[in-house]
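final08.tsv follows; it contains TSV, N, CA and C atoms and all ligand atoms.
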```
chain	number	residue	atom	x	y	z
A	1	MET	N	-15.27	-36.74	-53.24
A	1	MET	CA	-15.03	-35.29	-53.06
A	1	MET	C	-13.84	-35.10	-52.13
A	2	LEU	N	-12.91	-34.32	-52.59
A	2	LEU	CA	-11.70	-34.06	-51.80
A	2	LEU	C	-11.92	-32.79	-50.97
A	3	THR	N	-12.09	-32.95	-49.68
A	3	THR	CA	-12.32	-31.79	-48.81
A	3	THR	C	-10.98	-31.17	-48.39
A	4	VAL	N	-11.05	-29.95	-47.87
A	4	VAL	CA	-9.85	-29.29	-47.36
A	4	VAL	C	-9.26	-30.11	-46.21
A	5	GLU	N	-10.16	-30.60	-45.35
A	5	GLU	CA	-9.72	-31.41	-44.20
A	5	GLU	C	-8.97	-32.66	-44.66
A	6	THR	N	-9.52	-33.35	-45.63
A	6	THR	CA	-8.87	-34.56	-46.16
A	6	THR	C	-7.53	-34.23	-46.79
A	7	THR	N	-7.48	-33.14	-47.53
A	7	THR	CA	-6.23	-32.73	-48.18
A	7	THR	C	-5.16	-32.42	-47.13
A	8	LYS	N	-5.55	-31.68	-46.09
A	8	LYS	CA	-4.59	-31.35	-45.03
A	8	LYS	C	-4.11	-32.60	-44.30
A	9	THR	N	-5.01	-33.53	-44.04
A	9	THR	CA	-4.64	-34.78	-43.38
A	9	THR	C	-3.68	-35.56	-44.26
A	10	TRP	N	-3.99	-35.65	-45.53
A	10	TRP	CA	-3.16	-36.40	-46.46
A	10	TRP	C	-1.76	-35.80	-46.54
A	11	LEU	N	-1.67	-34.48	-46.67
A	11	LEU	CA	-0.36	-33.83	-46.74
A	11	LEU	C	0.40	-34.01	-45.42
A	12	SER	N	-0.31	-33.94	-44.31
A	12	SER	CA	0.34	-34.12	-43.00
A	12	SER	C	0.90	-35.53	-42.84
A	13	LEU	N	0.17	-36.51	-43.32
A	13	LEU	CA	0.66	-37.90	-43.27
A	13	LEU	C	1.89	-38.07	-44.16
A	14	PHE	N	1.89	-37.41	-45.29
A	14	PHE	CA	3.05	-37.44	-46.20
A	14	PHE	C	4.27	-36.82	-45.51
A	15	ILE	N	4.05	-35.69	-44.85
A	15	ILE	CA	5.13	-35.02	-44.11
A	15	ILE	C	5.66	-35.94	-43.01
A	16	GLU	N	4.74	-36.54	-42.25
A	16	GLU	CA	5.14	-37.47	-41.17
A	16	GLU	C	5.99	-38.61	-41.71
A	17	LYS	N	5.57	-39.15	-42.84
A	17	LYS	CA	6.30	-40.28	-43.45
A	17	LYS	C	7.72	-39.84	-43.83
A	18	LEU	N	7.85	-38.63	-44.35
A	18	LEU	CA	9.18	-38.12	-44.71
A	18	LEU	C	10.02	-37.89	-43.46
A	19	GLU	N	9.40	-37.41	-42.39
A	19	GLU	CA	10.12	-37.19	-41.13
A	19	GLU	C	10.66	-38.52	-40.58
A	20	MET	N	9.84	-39.56	-40.68
A	20	MET	CA	10.26	-40.87	-40.17
A	20	MET	C	11.29	-41.55	-41.07
A	21	SER	N	11.34	-41.14	-42.33
A	21	SER	CA	12.16	-41.86	-43.33
A	21	SER	C	13.45	-41.14	-43.70
A	22	GLU	N	13.76	-40.05	-43.03
A	22	GLU	CA	14.93	-39.25	-43.43
A	22	GLU	C	16.21	-40.10	-43.54
A	23	LYS	N	16.52	-40.83	-42.47
A	23	LYS	CA	17.76	-41.61	-42.47
A	23	LYS	C	17.75	-42.70	-43.53
A	24	TYR	N	16.59	-43.36	-43.67
A	24	TYR	CA	16.46	-44.42	-44.66
A	24	TYR	C	16.70	-43.87	-46.07
A	25	LEU	N	16.08	-42.73	-46.38
A	25	LEU	CA	16.25	-42.12	-47.71
A	25	LEU	C	17.69	-41.67	-47.93
A	26	ASN	N	18.32	-41.16	-46.88
A	26	ASN	CA	19.74	-40.78	-46.99
A	26	ASN	C	20.60	-42.00	-47.31
A	27	THR	N	20.30	-43.10	-46.63
A	27	THR	CA	21.05	-44.34	-46.85
A	27	THR	C	20.90	-44.84	-48.28
A	28	LEU	N	19.68	-44.80	-48.79
A	28	LEU	CA	19.46	-45.23	-50.17
A	28	LEU	C	20.25	-44.35	-51.14
A	29	ASP	N	20.26	-43.06	-50.87
A	29	ASP	CA	20.95	-42.10	-51.74
A	29	ASP	C	22.46	-42.27	-51.70
A	30	GLU	N	22.98	-42.80	-50.59
A	30	GLU	CA	24.43	-42.99	-50.47
A	30	GLU	C	24.97	-43.94	-51.55
A	31	SER	N	24.12	-44.89	-51.97
A	31	SER	CA	24.56	-45.87	-52.99
A	31	SER	C	24.75	-45.23	-54.35
A	32	ILE	N	24.00	-44.19	-54.65
A	32	ILE	CA	24.05	-43.61	-56.00
A	32	ILE	C	24.37	-42.12	-56.01
A	33	GLY	N	24.38	-41.49	-54.85
A	33	GLY	CA	24.59	-40.05	-54.82
A	33	GLY	C	25.32	-39.61	-53.58
A	34	ASP	N	24.95	-38.45	-53.08
A	34	ASP	CA	25.68	-37.88	-51.96
A	34	ASP	C	24.99	-38.05	-50.61
A	35	GLY	N	23.99	-38.91	-50.57
A	35	GLY	CA	23.39	-39.29	-49.29
A	35	GLY	C	22.57	-38.21	-48.60
A	36	ASP	N	22.00	-37.32	-49.41
A	36	ASP	CA	21.24	-36.24	-48.76
A	36	ASP	C	19.76	-36.20	-49.17
A	37	HIS	N	19.29	-37.23	-49.82
A	37	HIS	CA	17.91	-37.21	-50.32
A	37	HIS	C	16.89	-37.05	-49.18
A	38	GLY	N	17.10	-37.79	-48.11
A	38	GLY	CA	16.17	-37.69	-46.97
A	38	GLY	C	16.19	-36.30	-46.35
A	39	ALA	N	17.37	-35.77	-46.17
A	39	ALA	CA	17.50	-34.43	-45.59
A	39	ALA	C	16.88	-33.38	-46.49
A	40	ASN	N	17.07	-33.53	-47.80
A	40	ASN	CA	16.49	-32.57	-48.75
A	40	ASN	C	14.96	-32.63	-48.72
A	41	MET	N	14.42	-33.85	-48.74
A	41	MET	CA	12.96	-34.00	-48.70
A	41	MET	C	12.39	-33.46	-47.40
A	42	LEU	N	13.12	-33.69	-46.32
A	42	LEU	CA	12.67	-33.21	-45.01
A	42	LEU	C	12.61	-31.68	-44.98
A	43	ARG	N	13.57	-31.04	-45.62
A	43	ARG	CA	13.58	-29.57	-45.65
A	43	ARG	C	12.31	-29.03	-46.32
A	44	GLY	N	11.92	-29.62	-47.43
A	44	GLY	CA	10.68	-29.22	-48.11
A	44	GLY	C	9.47	-29.54	-47.26
A	45	ALA	N	9.48	-30.72	-46.63
A	45	ALA	CA	8.35	-31.17	-45.81
A	45	ALA	C	8.15	-30.26	-44.60
A	46	GLN	N	9.24	-29.87	-43.97
A	46	GLN	CA	9.12	-29.04	-42.77
A	46	GLN	C	8.67	-27.62	-43.13
A	47	TYR	N	9.08	-27.17	-44.28
A	47	TYR	CA	8.62	-25.85	-44.74
A	47	TYR	C	7.11	-25.90	-45.00
A	48	LEU	N	6.68	-26.97	-45.66
A	48	LEU	CA	5.26	-27.15	-45.93
A	48	LEU	C	4.47	-27.28	-44.62
A	49	LYS	N	5.03	-28.01	-43.68
A	49	LYS	CA	4.37	-28.21	-42.38
A	49	LYS	C	4.10	-26.85	-41.69
A	50	ALA	N	5.09	-25.98	-41.73
A	50	ALA	CA	4.93	-24.65	-41.13
A	50	ALA	C	3.87	-23.84	-41.87
A	51	LYS	N	3.88	-23.93	-43.19
A	51	LYS	CA	2.88	-23.20	-43.98
A	51	LYS	C	1.47	-23.72	-43.68
A	52	LEU	N	1.34	-25.03	-43.57
A	52	LEU	CA	0.02	-25.62	-43.28
A	52	LEU	C	-0.47	-25.21	-41.89
A	53	ALA	N	0.46	-25.13	-40.94
A	53	ALA	CA	0.09	-24.81	-39.56
A	53	ALA	C	-0.50	-23.40	-39.45
A	54	GLU	N	-0.01	-22.50	-40.29
A	54	GLU	CA	-0.50	-21.12	-40.20
A	54	GLU	C	-1.66	-20.84	-41.15
A	55	ASP	N	-1.99	-21.81	-42.00
A	55	ASP	CA	-3.03	-21.60	-43.00
A	55	ASP	C	-4.43	-21.86	-42.44
A	56	THR	N	-5.34	-20.97	-42.74
A	56	THR	CA	-6.73	-21.19	-42.31
A	56	THR	C	-7.71	-21.03	-43.45
A	57	GLN	N	-7.24	-20.55	-44.60
A	57	GLN	CA	-8.19	-20.19	-45.65
A	57	GLN	C	-8.06	-20.94	-46.97
A	58	SER	N	-6.93	-21.62	-47.17
A	58	SER	CA	-6.70	-22.21	-48.49
A	58	SER	C	-7.65	-23.36	-48.78
A	59	ARG	N	-8.04	-23.45	-50.05
A	59	ARG	CA	-8.81	-24.60	-50.50
A	59	ARG	C	-7.82	-25.67	-50.97
A	60	SER	N	-8.35	-26.84	-51.29
A	60	SER	CA	-7.49	-27.98	-51.61
A	60	SER	C	-6.51	-27.69	-52.75
A	61	ALA	N	-6.99	-27.06	-53.80
A	61	ALA	CA	-6.11	-26.78	-54.94
A	61	ALA	C	-4.96	-25.86	-54.51
A	62	GLU	N	-5.26	-24.92	-53.64
A	62	GLU	CA	-4.22	-24.01	-53.16
A	62	GLU	C	-3.23	-24.75	-52.25
A	63	LEU	N	-3.73	-25.72	-51.50
A	63	LEU	CA	-2.86	-26.52	-50.63
A	63	LEU	C	-1.89	-27.36	-51.47
A	64	PHE	N	-2.40	-27.93	-52.56
A	64	PHE	CA	-1.52	-28.70	-53.45
A	64	PHE	C	-0.46	-27.79	-54.07
A	65	ARG	N	-0.89	-26.58	-54.44
A	65	ARG	CA	0.06	-25.62	-55.02
A	65	ARG	C	1.13	-25.25	-53.97
A	66	MET	N	0.66	-25.06	-52.73
A	66	MET	CA	1.57	-24.74	-51.62
A	66	MET	C	2.60	-25.87	-51.45
A	67	ALA	N	2.13	-27.10	-51.53
A	67	ALA	CA	3.02	-28.27	-51.40
A	67	ALA	C	4.02	-28.28	-52.55
A	68	GLY	N	3.55	-28.07	-53.76
A	68	GLY	CA	4.43	-28.07	-54.93
A	68	GLY	C	5.53	-27.03	-54.82
A	69	MET	N	5.14	-25.82	-54.45
A	69	MET	CA	6.12	-24.74	-54.35
A	69	MET	C	7.10	-24.99	-53.19
A	70	SER	N	6.63	-25.60	-52.11
A	70	SER	CA	7.50	-25.90	-50.97
A	70	SER	C	8.62	-26.85	-51.39
A	71	PHE	N	8.26	-27.91	-52.12
A	71	PHE	CA	9.28	-28.88	-52.53
A	71	PHE	C	10.21	-28.30	-53.61
A	72	ILE	N	9.66	-27.51	-54.51
A	72	ILE	CA	10.50	-26.89	-55.54
A	72	ILE	C	11.50	-25.93	-54.89
A	73	GLN	N	11.00	-25.09	-53.97
A	73	GLN	CA	11.86	-24.05	-53.39
A	73	GLN	C	12.79	-24.57	-52.30
A	74	LYS	N	12.32	-25.49	-51.46
A	74	LYS	CA	13.10	-25.87	-50.28
A	74	LYS	C	13.84	-27.20	-50.42
A	75	THR	N	13.28	-28.14	-51.18
A	75	THR	CA	14.00	-29.41	-51.40
A	75	THR	C	15.01	-29.21	-52.52
A	76	GLY	N	14.57	-28.56	-53.57
A	76	GLY	CA	15.45	-28.28	-54.70
A	76	GLY	C	15.88	-29.52	-55.46
A	77	GLY	N	16.78	-29.34	-56.38
A	77	GLY	CA	17.32	-30.45	-57.17
A	77	GLY	C	16.24	-31.17	-57.97
A	78	ALA	N	16.58	-32.37	-58.43
A	78	ALA	CA	15.66	-33.14	-59.26
A	78	ALA	C	14.44	-33.58	-58.45
A	79	ALA	N	14.66	-34.01	-57.21
A	79	ALA	CA	13.55	-34.51	-56.39
A	79	ALA	C	12.53	-33.40	-56.11
A	80	GLY	N	13.04	-32.23	-55.78
A	80	GLY	CA	12.14	-31.11	-55.50
A	80	GLY	C	11.29	-30.77	-56.71
A	81	LEU	N	11.92	-30.81	-57.87
A	81	LEU	CA	11.21	-30.51	-59.11
A	81	LEU	C	10.17	-31.57	-59.43
A	82	LEU	N	10.53	-32.84	-59.23
A	82	LEU	CA	9.60	-33.94	-59.54
A	82	LEU	C	8.39	-33.91	-58.60
A	83	TYR	N	8.62	-33.83	-57.29
A	83	TYR	CA	7.50	-33.77	-56.35
A	83	TYR	C	6.73	-32.48	-56.54
A	84	GLY	N	7.45	-31.41	-56.80
A	84	GLY	CA	6.79	-30.12	-57.01
A	84	GLY	C	5.84	-30.16	-58.20
A	85	GLN	N	6.33	-30.71	-59.31
A	85	GLN	CA	5.48	-30.79	-60.50
A	85	GLN	C	4.28	-31.69	-60.27
A	86	ALA	N	4.47	-32.77	-59.52
A	86	ALA	CA	3.34	-33.66	-59.22
A	86	ALA	C	2.24	-32.86	-58.51
A	87	PHE	N	2.61	-32.13	-57.48
A	87	PHE	CA	1.61	-31.38	-56.71
A	87	PHE	C	1.03	-30.22	-57.52
A	88	LEU	N	1.84	-29.55	-58.33
A	88	LEU	CA	1.32	-28.45	-59.14
A	88	LEU	C	0.31	-28.96	-60.17
A	89	HIS	N	0.61	-30.11	-60.76
A	89	HIS	CA	-0.33	-30.70	-61.72
A	89	HIS	C	-1.62	-31.14	-61.01
A	90	MET	N	-1.49	-31.65	-59.80
A	90	MET	CA	-2.68	-32.05	-59.04
A	90	MET	C	-3.54	-30.82	-58.72
A	91	SER	N	-2.89	-29.73	-58.39
A	91	SER	CA	-3.61	-28.48	-58.12
A	91	SER	C	-4.40	-28.04	-59.35
A	92	GLN	N	-3.74	-28.05	-60.49
A	92	GLN	CA	-4.38	-27.64	-61.74
A	92	GLN	C	-5.56	-28.55	-62.08
A	93	SER	N	-5.35	-29.85	-61.91
A	93	SER	CA	-6.38	-30.83	-62.21
A	93	SER	C	-7.62	-30.63	-61.33
A	94	LEU	N	-7.38	-30.34	-60.07
A	94	LEU	CA	-8.49	-30.11	-59.13
A	94	LEU	C	-9.26	-28.85	-59.52
A	95	GLN	N	-8.54	-27.82	-59.93
A	95	GLN	CA	-9.19	-26.58	-60.35
A	95	GLN	C	-10.06	-26.79	-61.59
A	96	GLU	N	-9.66	-27.77	-62.41
A	96	GLU	CA	-10.42	-28.07	-63.62
A	96	GLU	C	-11.59	-29.00	-63.34
A	97	GLY	N	-11.76	-29.39	-62.08
A	97	GLY	CA	-12.92	-30.19	-61.70
A	97	GLY	C	-12.75	-31.69	-61.80
A	98	ASP	N	-11.52	-32.15	-61.94
A	98	ASP	CA	-11.29	-33.60	-62.03
A	98	ASP	C	-11.61	-34.29	-60.71
A	99	ASP	N	-11.94	-35.57	-60.78
A	99	ASP	CA	-12.16	-36.36	-59.56
A	99	ASP	C	-10.81	-36.85	-59.03
A	100	LEU	N	-10.84	-37.58	-57.91
A	100	LEU	CA	-9.61	-37.99	-57.24
A	100	LEU	C	-8.69	-38.79	-58.16
A	101	LEU	N	-9.27	-39.71	-58.93
A	101	LEU	CA	-8.45	-40.51	-59.85
A	101	LEU	C	-7.79	-39.61	-60.90
A	102	GLY	N	-8.55	-38.66	-61.41
A	102	GLY	CA	-8.01	-37.72	-62.40
A	102	GLY	C	-6.90	-36.87	-61.81
A	103	ILE	N	-7.08	-36.46	-60.55
A	103	ILE	CA	-6.08	-35.64	-59.87
A	103	ILE	C	-4.77	-36.41	-59.73
A	104	LEU	N	-4.88	-37.66	-59.29
A	104	LEU	CA	-3.68	-38.49	-59.12
A	104	LEU	C	-3.01	-38.77	-60.46
A	105	ALA	N	-3.82	-39.04	-61.49
A	105	ALA	CA	-3.28	-39.31	-62.83
A	105	ALA	C	-2.54	-38.07	-63.34
A	106	SER	N	-3.09	-36.91	-63.03
A	106	SER	CA	-2.46	-35.66	-63.47
A	106	SER	C	-1.12	-35.44	-62.76
A	107	GLY	N	-1.06	-35.81	-61.48
A	107	GLY	CA	0.20	-35.72	-60.74
A	107	GLY	C	1.26	-36.60	-61.37
A	108	LEU	N	0.87	-37.81	-61.73
A	108	LEU	CA	1.78	-38.74	-62.39
A	108	LEU	C	2.25	-38.17	-63.73
A	109	GLU	N	1.32	-37.58	-64.46
A	109	GLU	CA	1.63	-36.96	-65.74
A	109	GLU	C	2.70	-35.86	-65.57
A	110	GLY	N	2.57	-35.11	-64.48
A	110	GLY	CA	3.53	-34.05	-64.19
A	110	GLY	C	4.93	-34.62	-63.98
A	111	VAL	N	5.00	-35.73	-63.26
A	111	VAL	CA	6.29	-36.37	-63.00
A	111	VAL	C	6.87	-36.90	-64.32
A	112	GLN	N	6.01	-37.54	-65.11
A	112	GLN	CA	6.47	-38.12	-66.38
A	112	GLN	C	6.95	-37.04	-67.33
A	113	LYS	N	6.24	-35.91	-67.32
A	113	LYS	CA	6.58	-34.81	-68.23
A	113	LYS	C	7.95	-34.22	-67.89
A	114	VAL	N	8.14	-33.89	-66.63
A	114	VAL	CA	9.40	-33.25	-66.24
A	114	VAL	C	10.57	-34.26	-66.22
A	115	GLY	N	10.24	-35.53	-65.91
A	115	GLY	CA	11.28	-36.56	-65.85
A	115	GLY	C	11.49	-37.27	-67.17
A	116	GLN	N	10.71	-36.92	-68.17
A	116	GLN	CA	10.74	-37.57	-69.48
A	116	GLN	C	10.68	-39.09	-69.35
A	117	ALA	N	9.78	-39.53	-68.46
A	117	ALA	CA	9.65	-40.98	-68.21
A	117	ALA	C	8.50	-41.57	-69.02
A	201	MG	MG	21.81	-35.84	-53.27
```
File written out as structure tokens:
Amino acid sequence: MLTVETTKTWLSLFIEKLEMSEKYLNTLDESIGDGDHGANMLRGAQYLKAKLAEDTQSRSAELFRMAGMSFIQKTGGAAGLLYGQAFLHMSQSLQEGDDLLGILASGLEGVQKVGQA
């Protein structure tokens, strides 16, 4: 069972990981792009962090939706869309009553669908 507390902890750990990895992700992006992947991901993560800090009522599915919209709106580009779709699909899957494995599989499906992978 995915509780609100577990969902918030999980999203917070994801945000922390992005905060710690900004420079590393920028460096990786320099080889193939314009070196801003870490900064872009951090922008979405920090927006989500602020939204989570002020939230007291959302259930897990709404938190996943909040995460999806944060990355779509604030990270932007291909990465924002891919992470956004993953979280939006996870939100939908949770609302349909799927278990944790189903939720994660649905997130992957979202990435594959939008990325045509
Ligand atoms: Mg870039």
Query raised in the report: Near Thr27 of chain A, counting only N, CA and C atoms, which residues have an atom at most 8 Å away, once you skip same-chain residues fewer than 6 positions from it, shown as a count of residues only?
Result: 7
Across A:Leu82, A:Met1, A:Met41, A:Leu88, the smallest distance to ligand MG 201 (chain A), with only C-alpha atoms and all ligand atoms counted, is shown by A:Met41
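The nearest approach to ligand MG 201 (chain A) among the residues A:Gln73, A:Thr7, A:Ser31, A:Ser12, with only C-alpha atoms and all ligand atoms taken into account, belongs to A:Ser31.
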I'd like the interatomic distance between atom C of Val114 of chain A and atom CA of Ala86 of chain A, to a tenth of an Å.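 That distance, rounded to one decimal, is 10.1 Å.
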Open item on the list: Could you list, as an NGL selection string, every residue within 9 Å of segment 102-110 of chain A, counting only C-alpha atoms and ignoring same-chain residues fewer than 3 positions away?
Closed with: :A and (82-94 or 97-99 or 113-115)
If you count only N, CA and C atoms and all ligand atoms, the residue of A:Thr3, A:Thr56, A:Asn40, A:Ser70 closest to ligand MG 201 (chain A) turns out to be A:Asn40
(message) At a cut-off of 12 Å around the point (7.1, -24.5, -46.3) (file coordinates), what residues fall inside when counting only C-alpha atoms? I'd like the answer as a ChimeraX atom specification.
(response) /A:11,15,41-55,63-75
Any idea what the distance is between atom CA of Ser58 of chain A and atom C of Met20 of chain A?
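Going from atom CA of Ser58 of chain A over to atom C of Met20 of chain A, I get 27.4 Å.
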Exercise for the section: Grab the atom CA of Gln57 of chain A to atom CA of Val4 of chain A distance for me, in Å with one decimal place. Expected result: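 One can read the atom CA of Gln57 of chain A to atom CA of Val4 of chain A distance as 9.4 Å.
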